[in-house]
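Data from start_38.txt: compact mmCIF, C-alpha atoms
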```txt
# COMPACT_ATOMS: atom_id res chain seq x y z
CA MET C 1 -28.00 98.13 -23.04
CA GLY C 2 -25.13 95.76 -23.84
CA ASP C 3 -24.15 93.60 -20.89
CA GLY C 4 -20.97 92.16 -22.29
CA THR C 5 -22.61 88.98 -23.51
CA THR C 6 -23.94 90.41 -26.75
CA GLY C 7 -22.06 91.60 -29.80
CA PRO C 8 -22.64 92.60 -33.39
CA GLY C 9 -24.66 90.00 -35.23
CA ARG C 10 -25.09 87.86 -32.12
CA PRO C 11 -28.55 87.27 -30.68
CA ARG C 12 -29.07 88.27 -27.06
CA ASP C 13 -29.64 85.49 -24.57
CA PRO C 14 -31.86 87.07 -21.92
CA ASP C 15 -32.02 83.98 -19.73
CA LEU C 16 -28.29 83.37 -19.68
CA THR C 17 -27.87 84.65 -16.13
CA PRO C 18 -30.60 82.54 -14.47
CA ARG C 19 -29.48 79.47 -16.47
CA VAL C 20 -25.86 79.90 -15.42
CA LEU C 21 -26.75 80.50 -11.77
CA ALA C 22 -29.01 77.42 -11.64
CA ALA C 23 -26.26 75.32 -13.25
CA ALA C 24 -23.68 76.71 -10.81
CA LEU C 25 -25.79 75.77 -7.82
CA ASP C 26 -26.38 72.29 -9.23
CA VAL C 27 -22.67 71.68 -9.92
CA TYR C 28 -21.77 72.93 -6.45
CA ALA C 29 -24.45 70.75 -4.79
CA ARG C 30 -23.00 67.68 -6.48
CA THR C 31 -19.28 68.36 -6.10
CA GLY C 32 -18.51 70.94 -3.40
CA TRP C 33 -15.99 73.75 -3.62
CA ALA C 34 -12.80 71.86 -4.53
CA ALA C 35 -14.25 70.42 -7.74
CA PHE C 36 -16.37 73.48 -8.60
CA THR C 37 -15.05 75.05 -11.83
CA LEU C 38 -16.26 77.64 -14.31
CA ASP C 39 -15.69 75.05 -17.04
CA ALA C 40 -18.03 72.53 -15.42
CA VAL C 41 -20.70 75.22 -15.05
CA ALA C 42 -20.28 76.36 -18.66
CA ARG C 43 -20.76 72.77 -19.88
CA GLN C 44 -23.84 72.18 -17.76
CA ALA C 45 -25.43 75.55 -18.68
CA ARG C 46 -24.45 75.12 -22.38
CA VAL C 47 -22.86 78.54 -22.35
CA GLY C 48 -19.59 79.56 -23.97
CA LYS C 49 -16.71 79.81 -21.51
CA ALA C 50 -15.82 83.29 -22.76
CA ALA C 51 -19.27 84.67 -21.86
CA LEU C 52 -18.99 83.10 -18.43
CA TYR C 53 -15.51 84.42 -17.71
CA ARG C 54 -16.47 87.95 -18.86
CA ARG C 55 -19.29 88.09 -16.36
CA TRP C 56 -17.73 86.08 -13.47
CA PRO C 57 -13.94 86.37 -13.45
CA THR C 58 -13.48 83.79 -10.67
CA LYS C 59 -15.37 80.83 -9.28
CA ASP C 60 -15.88 82.74 -6.03
CA HIS C 61 -17.92 85.42 -7.82
CA LEU C 62 -20.05 82.87 -9.61
CA LEU C 63 -20.82 80.74 -6.56
CA PHE C 64 -21.67 83.79 -4.48
CA ASP C 65 -24.16 85.05 -7.08
CA ALA C 66 -25.65 81.55 -7.43
CA ILE C 67 -26.17 81.13 -3.71
CA GLU C 68 -27.60 84.63 -3.31
CA ALA C 69 -30.05 84.04 -6.16
CA HIS C 70 -31.31 80.69 -4.89
CA THR C 71 -31.26 80.98 -1.13
CA GLN C 72 -34.72 81.33 0.33
CA PRO C 73 -34.94 82.29 3.97
CA LEU C 74 -36.61 79.69 6.16
CA VAL C 75 -39.54 81.72 7.41
CA ALA C 76 -40.64 81.10 10.99
CA THR C 77 -44.40 81.56 10.47
CA ASP C 78 -46.62 83.08 13.15
CA THR C 79 -49.35 80.45 13.55
CA GLY C 80 -50.71 81.89 16.81
CA SER C 81 -49.12 79.38 19.20
CA LEU C 82 -45.66 78.14 20.16
CA HIS C 83 -46.66 74.59 19.32
CA GLY C 84 -47.92 75.60 15.89
CA ASP C 85 -44.87 77.80 15.19
CA THR C 86 -42.48 75.04 16.24
CA ARG C 87 -44.25 72.46 14.05
CA ALA C 88 -44.23 74.84 11.08
CA LEU C 89 -40.52 75.61 11.48
CA ALA C 90 -39.55 71.96 12.01
CA SER C 91 -41.61 70.92 8.96
CA ALA C 92 -40.02 73.59 6.75
CA LEU C 93 -36.55 72.56 7.92
CA LEU C 94 -37.16 68.84 7.40
CA GLU C 95 -38.58 69.49 3.91
CA HIS C 96 -35.44 71.52 3.19
CA PHE C 97 -33.20 68.56 4.10
CA LEU C 98 -35.30 65.99 2.21
CA TYR C 99 -34.51 67.69 -1.12
CA PRO C 100 -31.10 68.29 -2.77
CA ALA C 101 -31.28 72.05 -2.08
CA GLY C 102 -30.93 71.34 1.63
CA TRP C 103 -27.56 69.75 1.07
CA VAL C 104 -26.18 72.96 -0.40
CA THR C 105 -26.49 74.53 3.04
CA LEU C 106 -24.61 71.63 4.58
CA ARG C 107 -21.95 71.68 1.85
CA ILE C 108 -21.38 75.37 2.55
CA GLU C 109 -20.87 74.62 6.25
CA VAL C 110 -18.43 71.77 5.51
CA ASP C 111 -16.50 73.85 2.97
CA ALA C 112 -16.47 76.78 5.41
CA SER C 113 -14.47 74.62 7.82
CA THR C 114 -11.62 74.17 5.30
CA GLU C 115 -12.02 77.44 3.33
CA PRO C 116 -13.01 79.88 6.08
CA ALA C 117 -11.87 82.99 4.20
CA THR C 118 -13.99 82.21 1.14
CA PHE C 119 -17.07 80.99 2.99
CA ALA C 120 -17.12 83.18 6.10
CA ARG C 121 -19.85 85.50 4.84
CA PHE C 122 -22.14 82.63 3.87
CA HIS C 123 -21.58 80.92 7.17
CA GLU C 124 -22.44 84.12 9.03
CA LYS C 125 -25.50 84.73 6.89
CA ILE C 126 -26.88 81.21 7.38
CA VAL C 127 -26.27 81.30 11.13
CA ALA C 128 -27.79 84.77 11.52
CA MET C 129 -30.86 83.90 9.42
CA HIS C 130 -31.65 80.82 11.54
CA ARG C 131 -30.86 82.52 14.84
CA ASP C 132 -33.06 85.53 14.01
CA GLY C 133 -36.01 83.38 12.93
CA ALA C 134 -35.83 81.26 16.08
CA GLU C 135 -35.46 84.32 18.30
CA ARG C 136 -38.54 85.95 16.80
CA MET C 137 -40.50 82.72 17.36
CA VAL C 138 -39.43 82.51 21.00
CA GLN C 139 -40.18 86.21 21.52
CA ARG C 140 -43.73 85.70 20.20
CA ALA C 141 -44.18 82.82 22.68
CA ILE C 142 -42.94 85.05 25.52
CA ASP C 143 -45.34 87.81 24.41
CA ARG C 144 -48.23 85.29 24.46
CA GLY C 145 -47.21 84.15 27.94
CA GLU C 146 -46.35 80.62 26.70
CA LEU C 147 -42.70 80.80 27.76
CA PRO C 148 -40.95 82.57 30.66
CA SER C 149 -39.08 85.71 29.62
CA GLY C 150 -35.66 84.37 30.67
CA ILE C 151 -35.74 81.28 28.46
CA HIS C 152 -32.46 80.01 27.04
CA THR C 153 -33.21 80.45 23.32
CA ARG C 154 -29.92 79.00 22.13
CA SER C 155 -30.43 75.50 23.58
CA PHE C 156 -34.00 75.42 22.28
CA THR C 157 -32.87 76.40 18.77
CA GLU C 158 -29.90 74.03 18.71
CA ALA C 159 -31.99 71.08 19.89
CA LEU C 160 -34.83 71.77 17.42
CA TYR C 161 -32.69 72.47 14.34
CA GLY C 162 -30.16 69.80 15.32
CA ALA C 163 -32.73 67.06 15.90
CA VAL C 164 -34.36 67.73 12.52
CA LEU C 165 -30.98 67.73 10.76
CA MET C 166 -29.91 64.53 12.51
CA HIS C 167 -33.24 62.92 11.65
CA ALA C 168 -32.69 63.67 7.94
CA LEU C 169 -28.99 62.68 8.04
CA SER C 170 -29.75 59.28 9.53
CA MET C 171 -32.08 58.32 6.65
CA THR C 172 -31.06 56.56 3.46
CA GLN C 173 -31.83 58.23 0.14
CA ASP C 174 -34.91 55.98 -0.32
CA GLN C 175 -36.17 56.82 3.14
CA ARG C 176 -35.79 60.55 2.39
CA GLU C 177 -37.89 60.25 -0.76
CA GLN C 178 -40.58 58.37 1.18
CA ALA C 179 -40.50 60.90 4.05
CA ARG C 180 -41.35 63.78 1.69
CA HIS C 181 -44.95 62.52 1.83
CA GLU C 182 -44.95 62.09 5.63
CA VAL C 183 -43.32 65.26 6.96
CA ALA C 184 -45.94 65.80 9.68
CA GLU C 185 -45.50 62.28 11.10
CA HIS C 186 -41.73 62.69 11.12
CA VAL C 187 -41.64 66.02 12.96
CA THR C 188 -44.23 65.18 15.64
CA PRO C 189 -41.93 63.28 18.08
CA ILE C 190 -39.13 65.84 17.59
CA VAL C 191 -41.40 68.82 18.25
CA ASP C 192 -42.97 67.17 21.31
CA PHE C 193 -39.56 66.28 22.73
CA VAL C 194 -38.03 69.73 22.29
CA LEU C 195 -41.13 71.59 23.50
CA ALA C 196 -41.25 69.40 26.62
CA ALA C 197 -37.72 70.54 27.53
CA SER C 198 -38.57 74.18 26.87
CA MET C 199 -41.33 73.95 29.52
CA THR C 200 -38.90 72.88 32.29
CA ARG C 201 -36.36 74.73 34.42
CA ALA C 202 -33.55 73.52 32.11
CA ALA C 203 -34.66 76.07 29.54
CA LEU C 204 -33.86 78.87 31.97
CA PRO C 205 -30.30 80.11 32.46
CA ASP C 206 -28.74 79.58 35.90
CA MET Z 207 6.97 38.88 2.25
CA GLY Z 208 6.75 41.10 -0.85
CA ASP Z 209 3.63 43.25 -0.84
CA GLY Z 210 3.87 44.57 -4.35
CA THR Z 211 5.60 47.78 -3.30
CA THR Z 212 9.11 46.31 -3.09
CA GLY Z 213 11.32 45.03 -5.87
CA PRO Z 214 14.93 44.01 -6.51
CA GLY Z 215 17.37 46.65 -5.34
CA ARG Z 216 14.62 48.83 -3.90
CA PRO Z 217 14.40 49.50 -0.17
CA ARG Z 218 11.17 48.54 1.53
CA ASP Z 219 9.01 51.34 2.80
CA PRO Z 220 7.25 49.81 5.79
CA ASP Z 221 5.25 52.90 6.64
CA LEU Z 222 3.96 53.46 3.11
CA THR Z 223 0.48 52.21 3.93
CA PRO Z 224 -0.16 54.34 7.04
CA ARG Z 225 1.37 57.38 5.30
CA VAL Z 226 -0.85 56.94 2.24
CA LEU Z 227 -3.99 56.37 4.33
CA ALA Z 228 -3.32 59.46 6.46
CA ALA Z 229 -2.72 61.54 3.31
CA ALA Z 230 -5.90 60.14 1.73
CA LEU Z 231 -7.99 61.12 4.72
CA ASP Z 232 -6.44 64.58 4.77
CA VAL Z 233 -7.07 65.19 1.06
CA TYR Z 234 -10.64 63.96 1.40
CA ALA Z 235 -11.28 66.14 4.46
CA ARG Z 236 -10.17 69.22 2.50
CA THR Z 237 -11.80 68.50 -0.86
CA GLY Z 238 -14.61 65.94 -0.64
CA TRP Z 239 -15.29 63.11 -3.06
CA ALA Z 240 -15.52 64.99 -6.39
CA ALA Z 241 -11.99 66.41 -6.12
CA PHE Z 242 -10.46 63.37 -4.39
CA THR Z 243 -7.89 61.76 -6.74
CA LEU Z 244 -5.16 59.14 -6.43
CA ASP Z 245 -2.77 61.71 -7.92
CA ALA Z 246 -3.49 64.26 -5.17
CA VAL Z 247 -2.94 61.60 -2.51
CA ALA Z 248 0.32 60.41 -4.14
CA ARG Z 249 1.64 63.99 -4.14
CA GLN Z 250 0.69 64.62 -0.53
CA ALA Z 251 2.09 61.27 0.70
CA ARG Z 252 5.22 61.66 -1.50
CA VAL Z 253 4.66 58.22 -2.94
CA GLY Z 254 5.04 57.16 -6.55
CA LYS Z 255 1.77 56.93 -8.41
CA ALA Z 256 2.60 53.42 -9.66
CA ALA Z 257 2.92 52.07 -6.10
CA LEU Z 258 -0.39 53.67 -5.20
CA TYR Z 259 -2.26 52.33 -8.23
CA ARG Z 260 -0.86 48.80 -7.69
CA ARG Z 261 -2.28 48.70 -4.20
CA TRP Z 262 -5.48 50.72 -4.70
CA PRO Z 263 -6.81 50.42 -8.25
CA THR Z 264 -9.55 53.03 -7.75
CA LYS Z 265 -10.20 56.01 -5.50
CA ASP Z 266 -13.11 54.11 -3.93
CA HIS Z 267 -10.75 51.43 -2.60
CA LEU Z 268 -8.32 53.98 -1.23
CA LEU Z 269 -10.89 56.16 0.53
CA PHE Z 270 -12.61 53.14 2.06
CA ASP Z 271 -9.32 51.85 3.51
CA ALA Z 272 -8.43 55.35 4.77
CA ILE Z 273 -11.76 55.83 6.54
CA GLU Z 274 -11.67 52.31 8.03
CA ALA Z 275 -8.16 52.89 9.36
CA HIS Z 276 -8.89 56.26 10.94
CA THR Z 277 -12.44 55.99 12.20
CA GLN Z 278 -12.62 55.63 15.93
CA PRO Z 279 -15.94 54.69 17.42
CA LEU Z 280 -17.41 57.32 19.71
CA VAL Z 281 -17.54 55.34 22.92
CA ALA Z 282 -20.55 55.97 25.14
CA THR Z 283 -18.75 55.50 28.48
CA ASP Z 284 -20.52 53.99 31.50
CA THR Z 285 -19.94 56.64 34.19
CA GLY Z 286 -22.55 55.19 36.57
CA SER Z 287 -25.32 57.73 35.89
CA LEU Z 288 -27.41 58.97 32.98
CA HIS Z 289 -26.27 62.53 33.62
CA GLY Z 290 -22.60 61.49 33.61
CA ASP Z 291 -23.01 59.29 30.53
CA THR Z 292 -24.82 62.04 28.63
CA ARG Z 293 -22.14 64.60 29.51
CA ALA Z 294 -19.36 62.21 28.48
CA LEU Z 295 -21.02 61.43 25.15
CA ALA Z 296 -21.85 65.09 24.41
CA SER Z 297 -18.26 66.12 25.27
CA ALA Z 298 -16.75 63.42 23.03
CA LEU Z 299 -19.05 64.46 20.18
CA LEU Z 300 -18.33 68.16 20.57
CA GLU Z 301 -14.56 67.51 20.70
CA HIS Z 302 -14.98 65.48 17.51
CA PHE Z 303 -16.60 68.44 15.72
CA LEU Z 304 -14.08 70.99 17.02
CA TYR Z 305 -11.24 69.27 15.13
CA PRO Z 306 -10.87 68.65 11.38
CA ALA Z 307 -11.48 64.90 11.81
CA GLY Z 308 -15.08 65.61 12.75
CA TRP Z 309 -15.70 67.21 9.38
CA VAL Z 310 -14.80 63.99 7.59
CA THR Z 311 -17.95 62.43 9.07
CA LEU Z 312 -20.02 65.34 7.81
CA ARG Z 313 -18.37 65.27 4.36
CA ILE Z 314 -19.24 61.58 4.10
CA GLU Z 315 -22.88 62.36 4.89
CA VAL Z 316 -23.02 65.18 2.34
CA ASP Z 317 -21.30 63.07 -0.34
CA ALA Z 318 -23.62 60.15 0.49
CA SER Z 319 -26.56 62.31 -0.57
CA THR Z 320 -25.18 62.75 -4.11
CA GLU Z 321 -23.20 59.48 -4.41
CA PRO Z 322 -25.44 57.05 -2.53
CA ALA Z 323 -24.09 53.92 -4.23
CA THR Z 324 -20.48 54.69 -3.28
CA PHE Z 325 -21.15 55.93 0.23
CA ALA Z 326 -24.09 53.78 1.36
CA ARG Z 327 -22.01 51.46 3.50
CA PHE Z 328 -20.27 54.31 5.32
CA HIS Z 329 -23.55 56.06 5.91
CA GLU Z 330 -25.02 52.87 7.38
CA LYS Z 331 -21.95 52.25 9.52
CA ILE Z 332 -21.92 55.79 10.96
CA VAL Z 333 -25.65 55.73 11.69
CA ALA Z 334 -25.51 52.25 13.26
CA MET Z 335 -22.47 53.14 15.40
CA HIS Z 336 -24.17 56.20 16.86
CA ARG Z 337 -27.54 54.53 17.28
CA ASP Z 338 -26.02 51.51 19.08
CA GLY Z 339 -23.96 53.67 21.45
CA ALA Z 340 -26.97 55.80 22.35
CA GLU Z 341 -29.21 52.76 22.80
CA ARG Z 342 -26.73 51.13 25.18
CA MET Z 343 -26.57 54.37 27.19
CA VAL Z 344 -30.37 54.60 27.45
CA GLN Z 345 -30.61 50.89 28.33
CA ARG Z 346 -28.15 51.40 31.21
CA ALA Z 347 -30.30 54.30 32.47
CA ILE Z 348 -33.41 52.08 32.31
CA ASP Z 349 -31.56 49.32 34.19
CA ARG Z 350 -30.59 51.84 36.89
CA GLY Z 351 -34.21 53.00 37.16
CA GLU Z 352 -33.32 56.51 35.90
CA LEU Z 353 -35.57 56.35 32.84
CA PRO Z 354 -38.89 54.57 32.19
CA SER Z 355 -38.57 51.43 30.09
CA GLY Z 356 -40.75 52.75 27.23
CA ILE Z 357 -38.63 55.86 26.55
CA HIS Z 358 -38.44 57.11 22.96
CA THR Z 359 -34.69 56.63 22.38
CA ARG Z 360 -34.69 58.07 18.89
CA SER Z 361 -35.86 61.58 19.84
CA PHE Z 362 -33.42 61.67 22.74
CA THR Z 363 -30.52 60.65 20.48
CA GLU Z 364 -31.48 63.02 17.66
CA ALA Z 365 -31.85 65.97 20.01
CA LEU Z 366 -28.55 65.28 21.82
CA TYR Z 367 -26.39 64.57 18.75
CA GLY Z 368 -28.17 67.22 16.72
CA ALA Z 369 -27.83 69.98 19.31
CA VAL Z 370 -24.09 69.30 19.68
CA LEU Z 371 -23.60 69.28 15.90
CA MET Z 372 -25.61 72.48 15.49
CA HIS Z 373 -23.65 74.11 18.31
CA ALA Z 374 -20.36 73.33 16.52
CA LEU Z 375 -21.72 74.31 13.08
CA SER Z 376 -22.84 77.72 14.29
CA MET Z 377 -19.34 78.68 15.48
CA THR Z 378 -16.69 80.41 13.42
CA GLN Z 379 -13.31 78.70 12.99
CA ASP Z 380 -11.81 80.96 15.71
CA GLN Z 381 -14.62 80.15 18.11
CA ARG Z 382 -14.07 76.43 17.51
CA GLU Z 383 -10.39 76.72 18.39
CA GLN Z 384 -11.27 78.60 21.57
CA ALA Z 385 -14.00 76.10 22.50
CA ARG Z 386 -11.49 73.22 22.50
CA HIS Z 387 -10.39 74.49 25.92
CA GLU Z 388 -13.96 74.93 27.21
CA VAL Z 389 -15.78 71.78 26.16
CA ALA Z 390 -17.43 71.24 29.56
CA GLU Z 391 -18.89 74.77 29.62
CA HIS Z 392 -20.23 74.37 26.09
CA VAL Z 393 -21.98 71.04 26.66
CA THR Z 394 -23.62 71.91 30.01
CA PRO Z 395 -26.69 73.79 28.67
CA ILE Z 396 -27.21 71.23 25.88
CA VAL Z 397 -27.06 68.27 28.27
CA ASP Z 398 -29.40 69.95 30.78
CA PHE Z 399 -31.90 70.83 28.07
CA VAL Z 400 -32.02 67.35 26.50
CA LEU Z 401 -32.10 65.53 29.84
CA ALA Z 402 -34.98 67.73 31.00
CA ALA Z 403 -37.06 66.58 28.02
CA SER Z 404 -36.15 62.94 28.61
CA MET Z 405 -37.68 63.19 32.10
CA THR Z 406 -41.11 64.24 30.78
CA ARG Z 407 -43.97 62.40 29.12
CA ALA Z 408 -42.79 63.61 25.70
CA ALA Z 409 -39.99 61.04 25.86
CA LEU Z 410 -42.56 58.25 25.95
CA PRO Z 411 -44.26 57.02 22.77
CA ASP Z 412 -48.02 57.55 22.48
```
Structure encoded using structure tokens:
Amino acid sequence: MGDGTTGPGRPRDPDLTPRVLAAALDVYARTGWAAFTLDAVARQARVGKAALYRRWPTKDHLLFDAIEAHTQPLVATDTGSLHGDTRALASALLEHFLYPAGWVTLRIEVDASTEPATFARFHEKIVAMHRDGAERMVQRAIDRGELPSGIHTRSFTEALYGAVLMHALSMTQDQREQARHEVAEHVTPIVDFVLAASMTRAALPD
Amino acid sequence: MGDGTTGPGRPRDPDLTPRVLAAALDVYARTGWAAFTLDAVARQARVGKAALYRRWPTKDHLLFDAIEAHTQPLVATDTGSLHGDTRALASALLEHFLYPAGWVTLRIEVDASTEPATFARFHEKIVAMHRDGAERMVQRAIDRGELPSGIHTRSFTEALYGAVLMHALSMTQDQREQARHEVAEHVTPIVDFVLAASMTRAALPD
């Protein structure tokens, strides 16, 4: 079952792939696309360059595998109420942006603006994942009778996701570390503000 | 009036500084901090490396000057009403994010998360600029009697800025180019949604 990384007299390294993918994500999180190189990943993962190049011929291949392996969908939990669902989603999002992993998503979006061809499929995947989760949450609220069936989901989603992102962006690094222990307190005013709008006529299309 | 870039028998180059700063901003916008080098800027500006290094000994100095020279404050215009002010601010913000210049702001925020020491002062300046503009806008609305004096400015600002940013982020490059001609149509649902929340009790602190 040779995989190209073993050879006569050479011990197999079964955790090479996860180690390389974790290192790739870490290098990308710190540097972005322009400075992302197979050499930098090989150094960080303590893997020979030849093994890396055999498996991932270009940096595109490697970054794609790394992102696929480490991206966890933000699940929009069904808590039984719109208020509970919105709090749960806002808390998960804020937690995401209080840790380095959250910045990978933002790096992808920034790099997608200058390297659209390379990043288009990640951009689409991220957007679709968030849109689908929010739409399911709004649909559950409509089914429960909490929201009118014509509600303008896009404004609701943009305001909720955007306010959480802006809240995290406007903090310093120290404030982000502190906020990891106070996620509930941080999301409360955002959730209340966005839910208040969703209960008014403005949430309905003209 | 020698500035270190002229010498005997050598013609002065009066537009060297603006050319270098424009090139620096362009290189940074495309690559981010990790791949930003004085050499790349010298190539793009068609300037000798020696002249560049004499004036800007490190890449920190050069990027700081470039950002200072090209950052325009987002003015929160006084249009006479909260609705008009909010539309004007949302339109200016969306325009910002539909052109490459807007992505420099986002790159700075992403780089600030991994290079806090280098980027702290830009982060603080961006946050303060936006917070001050939004606070002046809300204060004008309070003075006009359009909003109650205890309104929770932070949630309003985060939802407005965040929704506009999220709206721009969720577009493809083609959609962004198209949207440059339809800014008013794009901001209308966002402005209506955020203003609706600001008129409810949720905008007031507990």
Counting only C-alpha atoms, figure out which residue out of C:Gly32, C:Gly133, C:Pro57, C:Gly150 gets nearest to Leu106 of chain C.
->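 Closest candidate: C:Gly32.
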Among listed residues Z:Thr324, Z:Thr277, Z:Thr406, Z:Thr359, nearest chain C (using all atoms listed in the file) = Z:Thr406
Just the residues within 12 Å of segment 280-290 of chain Z, please, counting all atoms listed in the file, with nothing from its chain fewer than 5 positions along; format it as a compact mmCIF listing (two decimals) with C-alpha atoms, keeping the file's coordinate frame.
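Saved as around.txt:
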```
# COMPACT_ATOMS: atom_id res chain seq x y z
CA LEU Z 295 -21.02 61.43 25.15
CA ALA Z 296 -21.85 65.09 24.41
CA SER Z 297 -18.26 66.12 25.27
CA ALA Z 298 -16.75 63.42 23.03
CA LEU Z 299 -19.05 64.46 20.18
CA LEU Z 300 -18.33 68.16 20.57
CA GLU Z 301 -14.56 67.51 20.70
CA HIS Z 302 -14.98 65.48 17.51
CA PHE Z 303 -16.60 68.44 15.72
CA GLY Z 308 -15.08 65.61 12.75
CA THR Z 311 -17.95 62.43 9.07
CA ILE Z 332 -21.92 55.79 10.96
CA VAL Z 333 -25.65 55.73 11.69
CA ALA Z 334 -25.51 52.25 13.26
CA MET Z 335 -22.47 53.14 15.40
CA HIS Z 336 -24.17 56.20 16.86
CA ARG Z 337 -27.54 54.53 17.28
CA ASP Z 338 -26.02 51.51 19.08
CA GLY Z 339 -23.96 53.67 21.45
CA ALA Z 340 -26.97 55.80 22.35
CA GLU Z 341 -29.21 52.76 22.80
CA ARG Z 342 -26.73 51.13 25.18
CA MET Z 343 -26.57 54.37 27.19
CA VAL Z 344 -30.37 54.60 27.45
CA GLN Z 345 -30.61 50.89 28.33
CA ARG Z 346 -28.15 51.40 31.21
CA ALA Z 347 -30.30 54.30 32.47
CA ILE Z 348 -33.41 52.08 32.31
CA ASP Z 349 -31.56 49.32 34.19
CA ARG Z 350 -30.59 51.84 36.89
CA GLY Z 351 -34.21 53.00 37.16
CA GLU Z 352 -33.32 56.51 35.90
CA LEU Z 353 -35.57 56.35 32.84
CA THR Z 363 -30.52 60.65 20.48
CA TYR Z 367 -26.39 64.57 18.75
CA ALA Z 390 -17.43 71.24 29.56
CA VAL Z 393 -21.98 71.04 26.66
CA THR Z 394 -23.62 71.91 30.01
CA ILE Z 396 -27.21 71.23 25.88
CA VAL Z 397 -27.06 68.27 28.27
CA ASP Z 398 -29.40 69.95 30.78
CA PHE Z 399 -31.90 70.83 28.07
CA VAL Z 400 -32.02 67.35 26.50
CA LEU Z 401 -32.10 65.53 29.84
CA ALA Z 402 -34.98 67.73 31.00
CA SER Z 404 -36.15 62.94 28.61
CA MET Z 405 -37.68 63.19 32.10
```
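In this structure, atom CA of Asp60 of chain C sits 18.2 Å away from atom CA of Val47 of chain C.
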For atom CA of Phe64 of chain C and atom CA of Phe122 of chain C, determine how far apart the two atoms are, in Å to one decimal place.
->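 According to the coordinates, atom CA of Phe64 of chain C and atom CA of Phe122 of chain C are separated by 8.4 Å.
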Restrict the calculation to only C-alpha atoms, then for each residue of chain C with any atom at most 6 Å from an atom of chain Z give the closest atom pair and their distance in Å to one decimal, rows by chain and rising residue number, as a tab-separated table.
```
residue	atom	partner	partner_atom	distance
C:Arg30	CA	Z:Thr320	CA	5.9
C:Thr31	CA	Z:Ala240	CA	5.1
C:Ala34	CA	Z:Thr237	CA	5.1
C:Ala35	CA	Z:Ala241	CA	4.9
C:Thr114	CA	Z:Arg236	CA	5.9
C:Val127	CA	Z:Ser376	CA	5.9
C:Ser155	CA	Z:Ile396	CA	5.8
C:Glu158	CA	Z:Ala369	CA	4.6
C:Ala159	CA	Z:Ala369	CA	4.3
C:Gly162	CA	Z:Gly368	CA	3.5
C:Ala163	CA	Z:Ala365	CA	4.3
C:Met166	CA	Z:Gly368	CA	5.3
C:Ser170	CA	Z:Val333	CA	5.8
C:Ile190	CA	Z:Ser361	CA	5.8
C:Asp192	CA	Z:Ala408	CA	5.7
C:Phe193	CA	Z:Ala408	CA	5.1
C:Ala196	CA	Z:Ala403	CA	5.2
C:Ala197	CA	Z:Ala403	CA	4.0
C:Ala202	CA	Z:Phe399	CA	5.1
```
Could you please take those selected residues and save C-alpha atoms as a PDB file, in the frame of the given file?
```pdb
ATOM      1  CA  ARG C  30     -23.000  67.680  -6.480  1.00  0.00           C
ATOM      2  CA  THR C  31     -19.280  68.360  -6.100  1.00  0.00           C
ATOM      3  CA  ALA C  34     -12.800  71.860  -4.530  1.00  0.00           C
ATOM      4  CA  ALA C  35     -14.250  70.420  -7.740  1.00  0.00           C
ATOM      5  CA  THR C 114     -11.620  74.170   5.300  1.00  0.00           C
ATOM      6  CA  VAL C 127     -26.270  81.300  11.130  1.00  0.00           C
ATOM      7  CA  SER C 155     -30.430  75.500  23.580  1.00  0.00           C
ATOM      8  CA  GLU C 158     -29.900  74.030  18.710  1.00  0.00           C
ATOM      9  CA  ALA C 159     -31.990  71.080  19.890  1.00  0.00           C
ATOM     10  CA  GLY C 162     -30.160  69.800  15.320  1.00  0.00           C
ATOM     11  CA  ALA C 163     -32.730  67.060  15.900  1.00  0.00           C
ATOM     12  CA  MET C 166     -29.910  64.530  12.510  1.00  0.00           C
ATOM     13  CA  SER C 170     -29.750  59.280   9.530  1.00  0.00           C
ATOM     14  CA  ILE C 190     -39.130  65.840  17.590  1.00  0.00           C
ATOM     15  CA  ASP C 192     -42.970  67.170  21.310  1.00  0.00           C
ATOM     16  CA  PHE C 193     -39.560  66.280  22.730  1.00  0.00           C
ATOM     17  CA  ALA C 196     -41.250  69.400  26.620  1.00  0.00           C
ATOM     18  CA  ALA C 197     -37.720  70.540  27.530  1.00  0.00           C
ATOM     19  CA  ALA C 202     -33.550  73.520  32.110  1.00  0.00           C
TER      20      ALA C 202
END
```
How many Å separate atom CA of Arg121 of chain C from atom CA of Leu16 of chain C?
->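 Those two atoms sit 26.0 Å apart.
Once segment 37-40 of chain C and its same-chain neighbours fewer than 3 positions away are set aside, Arg43, Gln44, Lys49 and Lys59 of chain C remain within 7 Å of it when counting only C-alpha atoms.
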So, counting only C-alpha atoms, which residue among C:Ile151, C:Val183, C:Ala101, C:Ala24 is closest to Gln72 of chain C?
->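 Selected residue with least distance to Gln72 of chain C: C:Ala101.
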Please give the centre and size of the box around segment 182-194 of chain C (axis-aligned, containing every atom listed in the file, 3 Å added per side), with values in Å to one decimal and written as lines of an AutoDock Vina configuration file.
```
center_x = -42.0
center_y = 65.9
center_z = 14.2
size_x = 13.9
size_y = 13.6
size_z = 23.1
```
